[in-house]
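To keep things clear, I will list the structure first and then write my remarks on it.
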Amino acid sequence: MSGRKIFKQEKETKRHNHIYQIDYIDPNKVKDFIRDCLSLKNETSIETLDCSVSWIRTKRNDISIDEVLNIIYESDFKHFSFILRKSYEVHVSKFGEKYWEFCASGEKNSVEYYFWIDIPEKSGYNLIEKYNLIKNEER
């Protein structure tokens, strides 16, 4: 197979994510949005990044959702986003399936905290409508 053909195939499978920043929503609405995401969740994940120890994020099972959210809410550098993703999990039957990923991040004592919630595609569109979210490129 020629390099040109491989490039064209790769170009066709490029991920086109729909990204919504929710930082501009009233802080109380962000909390409501997160509660709604949690009620619809498929999965959640918590990770930390402490660059004084490693440049790799560490999955954390010893921190509760409430603890990580409190850290993020109190952080001076918090960030919230909502992204439509396409699954690349080939080892399970979800390959190509779309889902929404809510991500929150913040910092405390030079450690970055990340919290993800994955929810079904249709549920995400309902949340976008409920909270009047606007795509990044449309703001």
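The chains in the structure tokens are called A, B, ... from first to last as shown; in each chain the residues are counted from 1, and the ligands are counted from 1 in the order shown.
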Alpha helix (DSSP H) per DSSP on the backbone: members of stretch 45-132 of chain A, as a VMD selection string | chain A and resid 65 to 74 121 to 130
Output for the residues just chosen: N, CA and C atoms as an mmCIF file, in the first residue's frame:
data_model
loop_
_atom_site.group_PDB
_atom_site.id
_atom_site.type_symbol
_atom_site.label_atom_id
_atom_site.label_comp_id
_atom_site.auth_asym_id
_atom_site.auth_seq_id
_atom_site.Cartn_x
_atom_site.Cartn_y
_atom_site.Cartn_z
ATOM 1 N N ILE A 65 -15.256 11.075 44.440
ATOM 2 C CA ILE A 65 -15.738 12.081 43.493
ATOM 3 C C ILE A 65 -15.944 13.414 44.210
ATOM 4 N N ASP A 66 -16.549 13.379 45.393
ATOM 5 C CA ASP A 66 -16.762 14.621 46.155
ATOM 6 C C ASP A 66 -15.440 15.304 46.489
ATOM 7 N N GLU A 67 -14.432 14.513 46.880
ATOM 8 C CA GLU A 67 -13.124 15.091 47.210
ATOM 9 C C GLU A 67 -12.487 15.771 46.000
ATOM 10 N N VAL A 68 -12.478 15.087 44.852
ATOM 11 C CA VAL A 68 -11.839 15.671 43.675
ATOM 12 C C VAL A 68 -12.613 16.902 43.206
ATOM 13 N N LEU A 69 -13.929 16.854 43.260
ATOM 14 C CA LEU A 69 -14.710 18.025 42.848
ATOM 15 C C LEU A 69 -14.462 19.206 43.775
ATOM 16 N N ASN A 70 -14.353 18.969 45.081
ATOM 17 C CA ASN A 70 -14.045 20.068 46.008
ATOM 18 C C ASN A 70 -12.686 20.690 45.699
ATOM 19 N N ILE A 71 -11.697 19.855 45.400
ATOM 20 C CA ILE A 71 -10.371 20.357 45.023
ATOM 21 C C ILE A 71 -10.482 21.224 43.772
ATOM 22 N N ILE A 72 -11.223 20.737 42.783
ATOM 23 C CA ILE A 72 -11.361 21.479 41.520
ATOM 24 C C ILE A 72 -12.129 22.776 41.739
ATOM 25 N N TYR A 73 -13.241 22.735 42.475
ATOM 26 C CA TYR A 73 -14.026 23.957 42.727
ATOM 27 C C TYR A 73 -13.187 25.033 43.412
ATOM 28 N N GLU A 74 -12.296 24.620 44.307
ATOM 29 C CA GLU A 74 -11.484 25.578 45.066
ATOM 30 C C GLU A 74 -10.230 26.025 44.318
ATOM 31 N N GLU A 121 -24.418 9.197 24.127
ATOM 32 C CA GLU A 121 -24.498 10.283 23.137
ATOM 33 C C GLU A 121 -25.819 11.057 23.230
ATOM 34 N N LYS A 122 -26.939 10.379 23.207
ATOM 35 C CA LYS A 122 -28.246 11.057 23.221
ATOM 36 C C LYS A 122 -28.420 11.898 24.490
ATOM 37 N N SER A 123 -27.995 11.389 25.625
ATOM 38 C CA SER A 123 -28.123 12.120 26.884
ATOM 39 C C SER A 123 -27.344 13.427 26.840
ATOM 40 N N GLY A 124 -26.175 13.410 26.179
ATOM 41 C CA GLY A 124 -25.364 14.619 26.061
ATOM 42 C C GLY A 124 -26.066 15.711 25.284
ATOM 43 N N TYR A 125 -26.723 15.335 24.186
ATOM 44 C CA TYR A 125 -27.466 16.332 23.403
ATOM 45 C C TYR A 125 -28.587 16.944 24.233
ATOM 46 N N ASN A 126 -29.218 16.137 25.086
ATOM 47 C CA ASN A 126 -30.267 16.660 25.967
ATOM 48 C C ASN A 126 -29.694 17.676 26.953
ATOM 49 N N LEU A 127 -28.487 17.415 27.479
ATOM 50 C CA LEU A 127 -27.855 18.362 28.405
ATOM 51 C C LEU A 127 -27.458 19.658 27.704
ATOM 52 N N ILE A 128 -26.989 19.548 26.469
ATOM 53 C CA ILE A 128 -26.621 20.746 25.703
ATOM 54 C C ILE A 128 -27.840 21.651 25.561
ATOM 55 N N GLU A 129 -28.975 21.054 25.255
ATOM 56 C CA GLU A 129 -30.206 21.832 25.117
ATOM 57 C C GLU A 129 -30.650 22.402 26.464
ATOM 58 N N LYS A 130 -30.631 21.584 27.498
ATOM 59 C CA LYS A 130 -31.079 22.021 28.831
ATOM 60 C C LYS A 130 -30.259 23.203 29.345
#
Neighbours of stretch 100-102 of chain A within 8 Å (only C-alpha atoms; same-chain residues fewer than 3 positions away dropped), as a VMD selection string?
-> chain A and resid 37 80 to 85 116 to 121 124
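Pairwise distance (atom CA of A:Val53, atom CA of A:Asn109) equals 13.1 Å.
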Could you please determine the separation between atom CA of A:Phe77 and atom CA of A:Tyr113 in Å, to one decimal place?
-> 10.7 Å
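Picture a line from atom CA of A:Cys51 to atom CA of A:Ile34; it runs 27.4 Å.
Ranking A:Tyr114, A:Val30, A:Ser105, A:Glu137 by their shortest atom-to-atom distance to A:Arg57, with only C-alpha atoms included, puts A:Tyr114 first.
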Taking the chain letters and numbering used in this document, name the residues of stretch 16-124 of chain A that DSSP puts in strand (DSSP E or B), as a count of residues only.
-> 42
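By only C-alpha atoms, and with residues fewer than 2 positions from stretch 60-62 of chain A along its chain excluded, the set lying at most 9 Å from it is Ser45, Ile46, Glu47, Thr48, Thr58 and Ser64 of chain A.
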Output of the above residues as a PDB file, in the first residue's frame, restricted to C-alpha atoms:
ATOM      1  CA  SER A  45     -12.356   8.330  36.253  1.00  0.00           C
ATOM      2  CA  ILE A  46     -10.062  10.328  38.526  1.00  0.00           C
ATOM      3  CA  GLU A  47      -6.386  10.958  37.798  1.00  0.00           C
ATOM      4  CA  THR A  48      -3.638  13.176  39.151  1.00  0.00           C
ATOM      5  CA  THR A  58      -1.823   8.376  37.844  1.00  0.00           C
ATOM      6  CA  SER A  64     -13.781  10.150  46.097  1.00  0.00           C
TER       7      SER A  64
END
